[in-house]
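**Q** Before anything else, here's the structure in question.
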Amino acid sequence: MQVLIFGSNGYLGGYFRKLYPQAITPRVDISNATEVAEALDEYKPDVVINAAGKTGRPNVDWCEDHKEATFKSNTTGPQVLLDECKKRGIYWVHLGSGCIYQGDNGGKGFSEEDPPNFEGSTYSKSKSQADQFLKQYPDDVLVLRLRMPFDGTAEPRNLISKISKYERVLDVRNSITYIPDFMKVAEQLIEKRATGIYNVVNQGPISPYEIMQKYKEIVDPSHEFVRLTLDELGEVAKTGRSNCVLDSSKLEVEGIEMKTTEEAVREALEAMNNEE
Ligand SMILES: NC(=O)c1ccc[n+]([C@@H]2O[C@H](COP(=O)([O-])OP(=O)(O)OC[C@H]3O[C@@H](n4cnc5c(N)ncnc54)[C@H](OP(=O)(O)O)[C@@H]3O)[C@@H](O)[C@H]2O)c1
């Protein structure tokens, strides 16, 4: 199976490189149809993975000052890939996000069928527009929606590393995605050539504050932080943030189970503890 990865130098792209070590990893601007077409014609992949996108450094506030680049990469890019892969009959995978929702949908969580209800930041808007565009082509692309990805490494993009640097930590429950579990799900769905949208999150929401309480217990008992409420979030973030719970029952119907959030967070923290 010939795999081609766009965005292979990014945080999640690196995981796909490890999953498919033989993959082709061209340096191509995914919003440029000519460059994409040339890469597809030259390498003739069976599977394309789009891990490219503007996520902002140090965080999504960056996207507020780089709107054009954000929409080009996150909205135009997936539209170009849909067109170019469809023309050639190539199966492809897009990394979507749960950040297009706000709230817990009355305790049920948001399913793949629920329309987005959060456009409070340029990043969320750009992801929401791509998600809803790709939703119109349920047979042509697999969209994997992640939410606050984390692992057991010191990588600054890891949710746990990131929030361990914060003095004030938000206490609002969210769905989160343990990347080692996510990669297993991605591998299985790709193997089956599944298409359509899938929420890929661990079972049960948790708040970043609760994660830090466990961090203090398992990794660093001297770690200090204070609780930040939703009302106070505007004091530390320039733009709006999605806080949401996703329903992952569609995955269960496929026979795919993610670990509980409790188990996944503990596994990641123990790995971080061993690394220290
Ligand atoms: N990390 C998260 O919290 C999260 C959560 C849910 C979904 N996702 C989605 O997962 C995908 C990957 O995220 P990530 O965390 O791995 O981000 P990342 O570490 O920022 O990596 C993204 C990579 O894509 C490249 N890129 C940006 N625009 C491009 C373009 N037009 N053409 C080709 N490459 C381009 C970036 O290169 P430059 O640095 O040179 O721009 C970077 O190497 C994104 O679509 C993101 O929205 C991420």
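Each chain of the structure tokens is named A, B, ... in the order shown, its residues numbered from 1; ligands are numbered from 1 in display order.
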I'd like the contact shell of Glu42 in chain A - 12 Å cut-off, only C-alpha atoms, skipping same-chain residues fewer than 4 positions apart - returned as a PDB file with C-alpha atoms, in the first residue's frame.

**A**
ATOM      1  CA  LEU A   4       1.379   9.720   0.872  1.00  0.00           C
ATOM      2  CA  ILE A  24       5.979   9.460   0.663  1.00  0.00           C
ATOM      3  CA  PRO A  26       6.250  15.597  -0.288  1.00  0.00           C
ATOM      4  CA  GLU A  35       1.331  21.194  -6.751  1.00  0.00           C
ATOM      5  CA  VAL A  36      -1.095  18.639  -5.313  1.00  0.00           C
ATOM      6  CA  ALA A  37      -1.934  17.246  -8.771  1.00  0.00           C
ATOM      7  CA  GLU A  38       1.763  16.917  -9.654  1.00  0.00           C
TER       8      GLU A  38
END

**Q** Please identify all polymer residues within 9 Å of range 151-153 of chain A, counting only C-alpha atoms, omitting same-chain residues fewer than 5 positions from it, and present them as a list in words.

**A**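 Within the cut-off, the hits are Asn158, Leu159, Ile160, Ser161, Thr177, Tyr178, Ile179, Pro180, Ala264, Val265, Glu267, Ala268, Leu269, Glu270, Ala271, Met272, Asn273 and Glu275 of chain A.
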
**Q** Under the rule of at most 6 Å, produce a per-residue listing of chain A near ligand 1: chain, number, name, the closest pair of atoms, and the distance in Å, as a tab-separated table, using only C-alpha atoms and all ligand atoms.

**A**
residue	atom	partner	partner_atom_place_in_ligand_line	distance
A:Gly7	CA	ligand 1	24 (O)	3.9
A:Asn9	CA	ligand 1	43 (O)	4.3
A:Gly10	CA	ligand 1	21 (O)	3.2
A:Tyr11	CA	ligand 1	16 (O)	3.7
A:Leu12	CA	ligand 1	16 (O)	3.7
A:Gly13	CA	ligand 1	16 (O)	5.4
A:Val28	CA	ligand 1	33 (C)	5.3
A:Asp29	CA	ligand 1	32 (N)	3.4
A:Ile30	CA	ligand 1	32 (N)	4.1
A:Ser31	CA	ligand 1	31 (N)	5.3
A:Ala51	CA	ligand 1	12 (C)	4.5
A:Ala52	CA	ligand 1	24 (O)	3.3
A:Gly53	CA	ligand 1	27 (C)	4.0
A:Lys54	CA	ligand 1	27 (C)	4.6
A:Thr55	CA	ligand 1	20 (O)	4.8
A:Ser73	CA	ligand 1	31 (N)	4.0
A:Leu95	CA	ligand 1	10 (O)	4.8
A:Gly96	CA	ligand 1	7 (C)	5.1
A:Ser97	CA	ligand 1	6 (C)	4.1
A:Leu146	CA	ligand 1	6 (C)	4.4
A:Arg147	CA	ligand 1	6 (C)	4.9
A:Met148	CA	ligand 1	3 (O)	4.8
A:Pro149	CA	ligand 1	3 (O)	5.4

**Q** Could the residues in this selection be saved with N, CA and C atoms as a short mmCIF file (atom, residue, chain, number, x, y, z; two decimals), in the first residue's frame?

**A**
data_model
loop_
_atom_site.label_atom_id
_atom_site.label_comp_id
_atom_site.auth_asym_id
_atom_site.auth_seq_id
_atom_site.Cartn_x
_atom_site.Cartn_y
_atom_site.Cartn_z
N GLY A 7 1.74 17.29 5.29
CA GLY A 7 1.87 17.80 6.67
C GLY A 7 2.63 16.83 7.55
N ASN A 9 5.55 16.86 8.67
CA ASN A 9 6.47 17.42 9.67
C ASN A 9 5.77 17.91 10.93
N GLY A 10 4.45 17.85 10.94
CA GLY A 10 3.71 18.34 12.10
C GLY A 10 3.63 17.30 13.21
N TYR A 11 2.96 17.68 14.29
CA TYR A 11 2.83 16.82 15.48
C TYR A 11 2.13 15.51 15.10
N LEU A 12 0.95 15.60 14.48
CA LEU A 12 0.21 14.38 14.14
C LEU A 12 0.80 13.71 12.90
N GLY A 13 1.31 14.53 11.99
CA GLY A 13 1.97 13.98 10.79
C GLY A 13 3.11 13.05 11.19
N VAL A 28 4.52 19.99 -0.15
CA VAL A 28 3.61 20.58 -1.14
C VAL A 28 2.61 21.45 -0.40
N ASP A 29 2.26 22.60 -1.00
CA ASP A 29 1.22 23.44 -0.40
C ASP A 29 -0.14 22.83 -0.79
N ILE A 30 -0.88 22.33 0.19
CA ILE A 30 -2.12 21.62 -0.15
C ILE A 30 -3.20 22.54 -0.71
N SER A 31 -3.02 23.85 -0.59
CA SER A 31 -4.05 24.74 -1.16
C SER A 31 -3.75 25.06 -2.63
N ALA A 51 -2.48 15.57 7.03
CA ALA A 51 -2.18 16.02 8.40
C ALA A 51 -1.68 17.46 8.36
N ALA A 52 -1.91 18.13 7.22
CA ALA A 52 -1.47 19.53 7.08
C ALA A 52 -2.57 20.46 7.55
N GLY A 53 -2.16 21.56 8.14
CA GLY A 53 -3.13 22.58 8.55
C GLY A 53 -2.44 23.60 9.41
N LYS A 54 -3.04 24.77 9.51
CA LYS A 54 -2.49 25.81 10.39
C LYS A 54 -3.17 25.69 11.74
N THR A 55 -2.36 25.41 12.77
CA THR A 55 -2.91 25.24 14.12
C THR A 55 -2.47 26.37 15.05
N SER A 73 -5.03 27.00 4.31
CA SER A 73 -4.58 25.66 4.68
C SER A 73 -5.71 24.77 5.21
N LEU A 95 -7.77 15.11 8.76
CA LEU A 95 -7.84 15.25 10.22
C LEU A 95 -8.73 16.44 10.56
N GLY A 96 -9.91 16.14 11.04
CA GLY A 96 -10.85 17.17 11.45
C GLY A 96 -10.71 17.44 12.94
N SER A 97 -11.63 18.26 13.45
CA SER A 97 -11.53 18.63 14.85
C SER A 97 -12.92 18.75 15.48
N LEU A 146 -10.49 14.80 15.91
CA LEU A 146 -9.82 14.66 17.20
C LEU A 146 -10.22 15.83 18.08
N ARG A 147 -9.85 15.68 19.34
CA ARG A 147 -10.15 16.76 20.28
C ARG A 147 -9.05 16.77 21.33
N MET A 148 -8.36 17.90 21.48
CA MET A 148 -7.30 18.06 22.49
C MET A 148 -6.38 16.84 22.58
N PRO A 149 -5.63 16.54 21.50
CA PRO A 149 -4.81 15.33 21.50
C PRO A 149 -3.71 15.36 22.57
#

**Q** Please, what distance in Å, to one decimal, runs between CA of Ser126 in chain A and CA of Ala69 in chain A?

**A**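 Computing the Euclidean distance for CA of Ser126 in chain A and CA of Ala69 in chain A yields 10.3 Å.
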
**Q** Counting only C-alpha atoms, what are the residues of range 115-177 of chain A within 10 Å of range 234-237 of chain A, and for each of them which pair of atoms is the nearest and at what distance in Å, to one decimal? Sort the table by chain and rising number, as CSV.

**A**
residue,atom,partner,partner_atom,distance
A:Tyr166,CA,A:Val236,CA,9.9
A:Arg168,CA,A:Val236,CA,8.5
A:Val169,CA,A:Val236,CA,9.9

**Q** Write the residues of the selection above to a file with C-alpha atoms, as a PDB file, in the first residue's frame.

**A**
ATOM      1  CA  TYR A 166      -0.179  27.054  32.794  1.00  0.00           C
ATOM      2  CA  ARG A 168      -4.373  28.812  35.798  1.00  0.00           C
ATOM      3  CA  VAL A 169      -6.020  25.677  34.435  1.00  0.00           C
TER       4      VAL A 169
END

**Q** Applying 10 Å and only C-alpha atoms, which residues near range 84-94 of chain A remain after dropping the ones on its own chain fewer than 3 positions away? List them as a ChimeraX atom specification.

**A** /A:3-6,33-34,36-38,40-41,44-52,78-81,97,130-131,134,137,139-145,186,189-190,193-197

**Q** Save the residues we just selected, C-alpha atoms, as a CSV table (one decimal), in the first residue's frame?

**A**
chain,number,residue,atom,x,y,z
A,3,VAL,CA,0.8,6.0,1.4
A,4,LEU,CA,1.4,9.7,0.9
A,5,ILE,CA,1.3,12.1,3.8
A,6,PHE,CA,0.8,15.9,3.6
A,33,ALA,CA,-4.1,22.5,-6.9
A,34,THR,CA,-1.2,22.3,-9.4
A,36,VAL,CA,-1.1,18.6,-5.3
A,37,ALA,CA,-1.9,17.2,-8.8
A,38,GLU,CA,1.8,16.9,-9.7
A,40,LEU,CA,-0.4,12.6,-6.9
A,41,ASP,CA,0.5,12.0,-10.6
A,44,LYS,CA,0.3,7.5,-7.6
A,45,PRO,CA,-0.5,6.8,-3.9
A,46,ASP,CA,-3.3,4.3,-2.8
A,47,VAL,CA,-3.9,6.4,0.3
A,48,VAL,CA,-3.4,10.1,1.0
A,49,ILE,CA,-3.3,11.4,4.6
A,50,ASN,CA,-3.9,15.1,5.2
A,51,ALA,CA,-2.2,16.0,8.4
A,52,ALA,CA,-1.5,19.5,7.1
A,78,PRO,CA,-9.1,20.1,2.0
A,79,GLN,CA,-11.3,21.3,-0.9
A,80,VAL,CA,-8.4,21.0,-3.3
A,81,LEU,CA,-7.6,17.5,-1.9
A,97,SER,CA,-11.5,18.6,14.9
A,130,ALA,CA,-13.9,22.2,5.9
A,131,ASP,CA,-15.9,19.7,8.0
A,134,LEU,CA,-16.4,17.3,3.3
A,137,TYR,CA,-19.0,13.7,0.1
A,139,ASP,CA,-18.2,8.2,0.1
A,140,ASP,CA,-15.1,10.1,-0.9
A,141,VAL,CA,-13.1,10.9,2.2
A,142,LEU,CA,-12.6,9.6,5.8
A,143,VAL,CA,-12.7,12.5,8.3
A,144,LEU,CA,-11.3,11.7,11.7
A,145,ARG,CA,-12.2,14.3,14.3
A,186,ALA,CA,-7.0,5.4,12.1
A,189,LEU,CA,-10.5,2.5,9.5
A,190,ILE,CA,-7.9,3.0,6.8
A,193,ARG,CA,-11.2,2.0,3.5
A,194,ALA,CA,-14.0,3.5,5.7
A,195,THR,CA,-15.4,6.9,4.6
A,196,GLY,CA,-17.5,9.6,6.3
A,197,ILE,CA,-17.0,11.4,9.5

**Q** Just asking: which residues within range 49-273 of chain A are strand (DSSP E or B) according to DSSP, as a ChimeraX atom specification?

**A** /A:49-50,91-97,103,110,142-146,149-150,168-170,174,177-178,196-199,203,206,226-228,244,246,260

**Q** Give me a file of those residues, with N, CA and C atoms, as an mmCIF file, in the first residue's frame.

**A**
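Saved result, result.cif, follows:
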data_model
loop_
_atom_site.group_PDB
_atom_site.id
_atom_site.type_symbol
_atom_site.label_atom_id
_atom_site.label_comp_id
_atom_site.auth_asym_id
_atom_site.auth_seq_id
_atom_site.Cartn_x
_atom_site.Cartn_y
_atom_site.Cartn_z
ATOM 1 N N ILE A 49 -2.976 10.931 3.238
ATOM 2 C CA ILE A 49 -3.350 11.395 4.574
ATOM 3 C C ILE A 49 -3.071 12.881 4.663
ATOM 4 N N ASN A 50 -4.103 13.639 5.013
ATOM 5 C CA ASN A 50 -3.904 15.083 5.153
ATOM 6 C C ASN A 50 -3.744 15.451 6.619
ATOM 7 N N TYR A 91 -8.255 7.108 -2.402
ATOM 8 C CA TYR A 91 -8.841 7.135 -1.055
ATOM 9 C C TYR A 91 -8.036 8.125 -0.206
ATOM 10 N N TRP A 92 -8.718 8.982 0.553
ATOM 11 C CA TRP A 92 -7.938 9.913 1.393
ATOM 12 C C TRP A 92 -8.583 10.170 2.744
ATOM 13 N N VAL A 93 -7.737 10.670 3.636
ATOM 14 C CA VAL A 93 -8.116 10.838 5.043
ATOM 15 C C VAL A 93 -7.798 12.271 5.459
ATOM 16 N N HIS A 94 -8.752 12.894 6.137
ATOM 17 C CA HIS A 94 -8.553 14.274 6.613
ATOM 18 C C HIS A 94 -8.645 14.312 8.129
ATOM 19 N N LEU A 95 -7.771 15.109 8.765
ATOM 20 C CA LEU A 95 -7.844 15.253 10.220
ATOM 21 C C LEU A 95 -8.729 16.443 10.564
ATOM 22 N N GLY A 96 -9.911 16.138 11.044
ATOM 23 C CA GLY A 96 -10.847 17.175 11.451
ATOM 24 C C GLY A 96 -10.709 17.440 12.937
ATOM 25 N N SER A 97 -11.627 18.255 13.445
ATOM 26 C CA SER A 97 -11.535 18.631 14.855
ATOM 27 C C SER A 97 -12.915 18.749 15.482
ATOM 28 N N GLY A 103 -20.195 23.045 24.235
ATOM 29 C CA GLY A 103 -21.153 22.455 25.166
ATOM 30 C C GLY A 103 -21.179 20.941 25.094
ATOM 31 N N PHE A 110 -21.993 15.662 21.132
ATOM 32 C CA PHE A 110 -22.333 15.951 19.731
ATOM 33 C C PHE A 110 -21.942 14.774 18.845
ATOM 34 N N LEU A 142 -12.422 10.006 4.373
ATOM 35 C CA LEU A 142 -12.582 9.643 5.789
ATOM 36 C C LEU A 142 -12.145 10.853 6.614
ATOM 37 N N VAL A 143 -13.052 11.387 7.423
ATOM 38 C CA VAL A 143 -12.715 12.532 8.287
ATOM 39 C C VAL A 143 -12.638 12.038 9.727
ATOM 40 N N LEU A 144 -11.455 12.169 10.332
ATOM 41 C CA LEU A 144 -11.265 11.738 11.725
ATOM 42 C C LEU A 144 -11.204 12.988 12.585
ATOM 43 N N ARG A 145 -12.220 13.156 13.429
ATOM 44 C CA ARG A 145 -12.241 14.349 14.292
ATOM 45 C C ARG A 145 -11.564 14.049 15.623
ATOM 46 N N LEU A 146 -10.490 14.796 15.905
ATOM 47 C CA LEU A 146 -9.815 14.658 17.198
ATOM 48 C C LEU A 146 -10.224 15.826 18.084
ATOM 49 N N PRO A 149 -5.634 16.541 21.497
ATOM 50 C CA PRO A 149 -4.813 15.330 21.501
ATOM 51 C C PRO A 149 -3.710 15.357 22.565
ATOM 52 N N PHE A 150 -3.431 14.181 23.137
ATOM 53 C CA PHE A 150 -2.379 14.087 24.157
ATOM 54 C C PHE A 150 -1.676 12.747 24.046
ATOM 55 N N ARG A 168 -2.934 28.956 35.558
ATOM 56 C CA ARG A 168 -4.373 28.812 35.798
ATOM 57 C C ARG A 168 -4.912 27.793 34.795
ATOM 58 N N VAL A 169 -5.610 26.789 35.302
ATOM 59 C CA VAL A 169 -6.020 25.677 34.435
ATOM 60 C C VAL A 169 -7.546 25.535 34.446
ATOM 61 N N LEU A 170 -8.096 25.462 33.250
ATOM 62 C CA LEU A 170 -9.550 25.473 33.064
ATOM 63 C C LEU A 170 -10.233 24.231 33.632
ATOM 64 N N ASN A 174 -14.196 18.280 28.906
ATOM 65 C CA ASN A 174 -14.085 18.168 27.451
ATOM 66 C C ASN A 174 -13.816 16.725 27.068
ATOM 67 N N THR A 177 -8.487 13.203 23.138
ATOM 68 C CA THR A 177 -8.052 12.079 22.287
ATOM 69 C C THR A 177 -6.635 11.647 22.639
ATOM 70 N N TYR A 178 -6.503 10.397 23.080
ATOM 71 C CA TYR A 178 -5.167 9.839 23.378
ATOM 72 C C TYR A 178 -4.578 9.365 22.040
ATOM 73 N N GLY A 196 -16.567 8.825 5.436
ATOM 74 C CA GLY A 196 -17.507 9.553 6.292
ATOM 75 C C GLY A 196 -16.773 10.138 7.491
ATOM 76 N N ILE A 197 -17.563 10.752 8.382
ATOM 77 C CA ILE A 197 -16.971 11.438 9.539
ATOM 78 C C ILE A 197 -17.011 10.534 10.769
ATOM 79 N N TYR A 198 -15.932 10.522 11.560
ATOM 80 C CA TYR A 198 -15.896 9.783 12.826
ATOM 81 C C TYR A 198 -15.333 10.671 13.936
ATOM 82 N N ASN A 199 -16.047 10.736 15.053
ATOM 83 C CA ASN A 199 -15.498 11.369 16.258
ATOM 84 C C ASN A 199 -14.569 10.353 16.914
ATOM 85 N N GLN A 203 -13.415 7.560 25.972
ATOM 86 C CA GLN A 203 -14.750 7.503 26.582
ATOM 87 C C GLN A 203 -14.822 8.314 27.866
ATOM 88 N N ILE A 206 -13.309 14.942 30.580
ATOM 89 C CA ILE A 206 -12.490 15.277 31.755
ATOM 90 C C ILE A 206 -12.084 16.742 31.593
ATOM 91 N N VAL A 226 -3.673 26.881 39.683
ATOM 92 C CA VAL A 226 -4.963 27.246 40.282
ATOM 93 C C VAL A 226 -6.084 27.027 39.278
ATOM 94 N N ARG A 227 -7.295 26.938 39.804
ATOM 95 C CA ARG A 227 -8.457 26.621 38.988
ATOM 96 C C ARG A 227 -8.939 27.867 38.227
ATOM 97 N N LEU A 228 -9.206 27.667 36.933
ATOM 98 C CA LEU A 228 -9.745 28.743 36.094
ATOM 99 C C LEU A 228 -11.163 28.336 35.683
ATOM 100 N N CYS A 244 -16.097 21.214 24.578
ATOM 101 C CA CYS A 244 -17.208 20.374 24.125
ATOM 102 C C CYS A 244 -17.009 18.896 24.410
ATOM 103 N N LEU A 246 -17.928 15.168 22.735
ATOM 104 C CA LEU A 246 -18.335 14.491 21.500
ATOM 105 C C LEU A 246 -18.865 13.097 21.833
ATOM 106 N N THR A 260 -11.095 4.205 28.298
ATOM 107 C CA THR A 260 -11.756 5.294 29.018
ATOM 108 C C THR A 260 -10.721 6.414 29.179
#

**Q** Quick one: of A:Thr75, A:Ser207, A:Pro138, A:Ser121, who's nearest to Val245 in chain A, counting only C-alpha atoms?

**A**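 Counting only C-alpha atoms, the residue closest to Val245 in chain A is A:Ser207.
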
**Q** Pick out the residues sitting within 9 Å of Thr122 in chain A, and hand them over as a list in words; count only C-alpha atoms, and ignore anything fewer than 4 positions along from it in its own chain.

**A**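 With the cut-off at 9 Å, the set is Val60, Asp61, Cys63, Glu64, His66, Lys67, Thr70, Phe71, Ser126, Lys127 and Thr239 of chain A.
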
**Q** Would you mind listing what lies within 9 Å of Ile100 in chain A as a PDB file with N, CA and C atoms, in the first residue's frame, with only C-alpha atoms counted and same-chain residues fewer than 4 positions away left out?

**A**
ATOM      1  N   PRO A 115     -25.018  19.601  13.480  1.00  0.00           N
ATOM      2  CA  PRO A 115     -24.344  20.728  12.807  1.00  0.00           C
ATOM      3  C   PRO A 115     -23.443  21.473  13.802  1.00  0.00           C
ATOM      4  N   PRO A 116     -22.329  22.026  13.321  1.00  0.00           N
ATOM      5  CA  PRO A 116     -21.442  22.779  14.215  1.00  0.00           C
ATOM      6  C   PRO A 116     -22.204  23.934  14.883  1.00  0.00           C
ATOM      7  N   ASN A 117     -21.819  24.285  16.102  1.00  0.00           N
ATOM      8  CA  ASN A 117     -22.465  25.413  16.787  1.00  0.00           C
ATOM      9  C   ASN A 117     -21.440  26.350  17.399  1.00  0.00           C
ATOM     10  N   PHE A 118     -20.175  26.239  16.933  1.00  0.00           N
ATOM     11  CA  PHE A 118     -19.157  27.141  17.484  1.00  0.00           C
ATOM     12  C   PHE A 118     -18.262  27.677  16.375  1.00  0.00           C
ATOM     13  N   GLU A 119     -18.286  29.005  16.241  1.00  0.00           N
ATOM     14  CA  GLU A 119     -17.392  29.644  15.271  1.00  0.00           C
ATOM     15  C   GLU A 119     -16.730  30.825  15.961  1.00  0.00           C
ATOM     16  N   GLY A 120     -16.371  30.635  17.227  1.00  0.00           N
ATOM     17  CA  GLY A 120     -15.859  31.740  18.047  1.00  0.00           C
ATOM     18  C   GLY A 120     -14.402  32.071  17.817  1.00  0.00           C
ATOM     19  N   SER A 124     -11.470  27.678  14.567  1.00  0.00           N
ATOM     20  CA  SER A 124     -12.675  26.839  14.586  1.00  0.00           C
ATOM     21  C   SER A 124     -13.502  27.053  13.316  1.00  0.00           C
ATOM     22  N   LYS A 125     -13.604  28.320  12.885  1.00  0.00           N
ATOM     23  CA  LYS A 125     -14.364  28.613  11.660  1.00  0.00           C
ATOM     24  C   LYS A 125     -13.773  27.867  10.467  1.00  0.00           C
ATOM     25  N   LYS A 127     -11.954  25.171  10.424  1.00  0.00           N
ATOM     26  CA  LYS A 127     -12.134  23.717  10.530  1.00  0.00           C
ATOM     27  C   LYS A 127     -13.595  23.340  10.289  1.00  0.00           C
ATOM     28  N   SER A 128     -14.501  24.185  10.787  1.00  0.00           N
ATOM     29  CA  SER A 128     -15.929  23.917  10.633  1.00  0.00           C
ATOM     30  C   SER A 128     -16.325  23.954   9.146  1.00  0.00           C
ATOM     31  N   ASP A 131     -15.093  20.830   7.469  1.00  0.00           N
ATOM     32  CA  ASP A 131     -15.867  19.674   7.951  1.00  0.00           C
ATOM     33  C   ASP A 131     -17.208  19.600   7.224  1.00  0.00           C
ATOM     34  N   SER A 242     -13.346  26.502  22.085  1.00  0.00           N
ATOM     35  CA  SER A 242     -14.410  25.518  22.145  1.00  0.00           C
ATOM     36  C   SER A 242     -14.193  24.655  23.386  1.00  0.00           C
ATOM     37  N   CYS A 244     -16.097  21.214  24.578  1.00  0.00           N
ATOM     38  CA  CYS A 244     -17.208  20.374  24.125  1.00  0.00           C
ATOM     39  C   CYS A 244     -17.009  18.896  24.410  1.00  0.00           C
TER      40      CYS A 244
END

**Q** Tell me which of A:Gln129, A:Glu155, A:Phe16, A:Asn274 sits closest to Asp220 in chain A, counting only C-alpha atoms.

**A**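 Checking each candidate against Asp220 in chain A, we get A:Asn274 as the closest.
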
**Q** So what do you get for CA of Arg173 in chain A versus CA of Glu187 in chain A, distance-wise?

**A** 27.9 Å

**Q** DSSP on the backbone, then: every residue of range 10-183 of chain A marked helix (DSSP H, G or I), written as a PyMOL selection string.

**A** chain A and resi 11-19+33-43+61-64+67-88+122-134+159-164+179-183

**Q** Keeping only C-alpha atoms, write those residues as a compact mmCIF listing (two decimals), in the first residue's frame.

**A**
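And here's again_28.txt as it stands now:
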# COMPACT_ATOMS: atom_id res chain seq x y z
CA TYR A 11 2.83 16.82 15.48
CA LEU A 12 0.21 14.38 14.14
CA GLY A 13 1.97 13.98 10.79
CA GLY A 14 4.93 12.55 12.74
CA TYR A 15 2.70 9.83 14.19
CA PHE A 16 1.50 8.90 10.69
CA ARG A 17 5.12 8.78 9.52
CA LYS A 18 5.81 6.25 12.27
CA LEU A 19 2.72 4.23 11.37
CA ALA A 33 -4.08 22.46 -6.91
CA THR A 34 -1.19 22.28 -9.39
CA GLU A 35 1.33 21.19 -6.75
CA VAL A 36 -1.10 18.64 -5.31
CA ALA A 37 -1.93 17.25 -8.77
CA GLU A 38 1.76 16.92 -9.65
CA ALA A 39 2.51 15.02 -6.43
CA LEU A 40 -0.44 12.65 -6.93
CA ASP A 41 0.51 11.99 -10.56
CA GLU A 42 4.17 11.45 -9.75
CA TYR A 43 3.72 9.10 -6.74
CA ASP A 61 -4.68 32.83 18.88
CA TRP A 62 -2.03 33.01 16.11
CA CYS A 63 -4.77 32.29 13.55
CA GLU A 64 -6.56 35.55 14.44
CA LYS A 67 -6.65 34.60 8.78
CA GLU A 68 -5.77 34.20 5.11
CA ALA A 69 -3.11 31.56 5.75
CA THR A 70 -5.45 29.75 8.15
CA PHE A 71 -8.38 29.54 5.72
CA LYS A 72 -6.06 28.61 2.82
CA SER A 73 -4.58 25.66 4.68
CA ASN A 74 -7.58 24.52 6.70
CA THR A 75 -10.47 25.15 4.30
CA THR A 76 -9.14 25.58 0.75
CA GLY A 77 -6.57 22.77 1.21
CA PRO A 78 -9.15 20.06 1.98
CA GLN A 79 -11.32 21.31 -0.92
CA VAL A 80 -8.36 20.96 -3.30
CA LEU A 81 -7.56 17.49 -1.95
CA LEU A 82 -11.16 16.38 -2.36
CA ASP A 83 -11.13 17.47 -6.00
CA GLU A 84 -7.74 16.07 -6.92
CA CYS A 85 -8.16 12.74 -5.08
CA LYS A 86 -11.70 12.28 -6.43
CA LYS A 87 -10.57 12.86 -10.03
CA ARG A 88 -7.98 10.09 -9.62
CA THR A 122 -10.79 31.84 13.11
CA TYR A 123 -9.30 28.38 13.67
CA SER A 124 -12.68 26.84 14.59
CA LYS A 125 -14.36 28.61 11.66
CA SER A 126 -11.79 27.28 9.20
CA LYS A 127 -12.13 23.72 10.53
CA SER A 128 -15.93 23.92 10.63
CA GLN A 129 -16.15 25.06 7.01
CA ALA A 130 -13.93 22.20 5.85
CA ASP A 131 -15.87 19.67 7.95
CA GLN A 132 -19.23 20.74 6.57
CA PHE A 133 -17.91 20.84 3.01
CA LEU A 134 -16.44 17.32 3.26
CA LEU A 159 -2.13 18.68 25.83
CA ILE A 160 -0.70 17.51 29.16
CA SER A 161 2.73 19.16 28.61
CA LYS A 162 0.96 22.29 27.41
CA ILE A 163 -1.33 22.69 30.42
CA SER A 164 1.44 21.74 32.86
CA ILE A 179 -2.99 9.74 20.27
CA PRO A 180 -1.76 6.11 20.60
CA ASP A 181 -5.44 5.02 20.67
CA PHE A 182 -6.27 7.40 17.83
CA MET A 183 -3.54 5.89 15.66

**Q** Would you please work out which residue, of A:Asn59, A:Gly107, A:Glu112, A:Ser8, is nearest to Lys250 in chain A when using only C-alpha atoms?

**A** A:Glu112

**Q** In Å, rounded to a single decimal, give me how far CA of Asn243 in chain A is from CA of Gly109 in chain A.

**A**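 Between CA of Gly109 in chain A and CA of Asn243 in chain A the gap works out to 11.3 Å.
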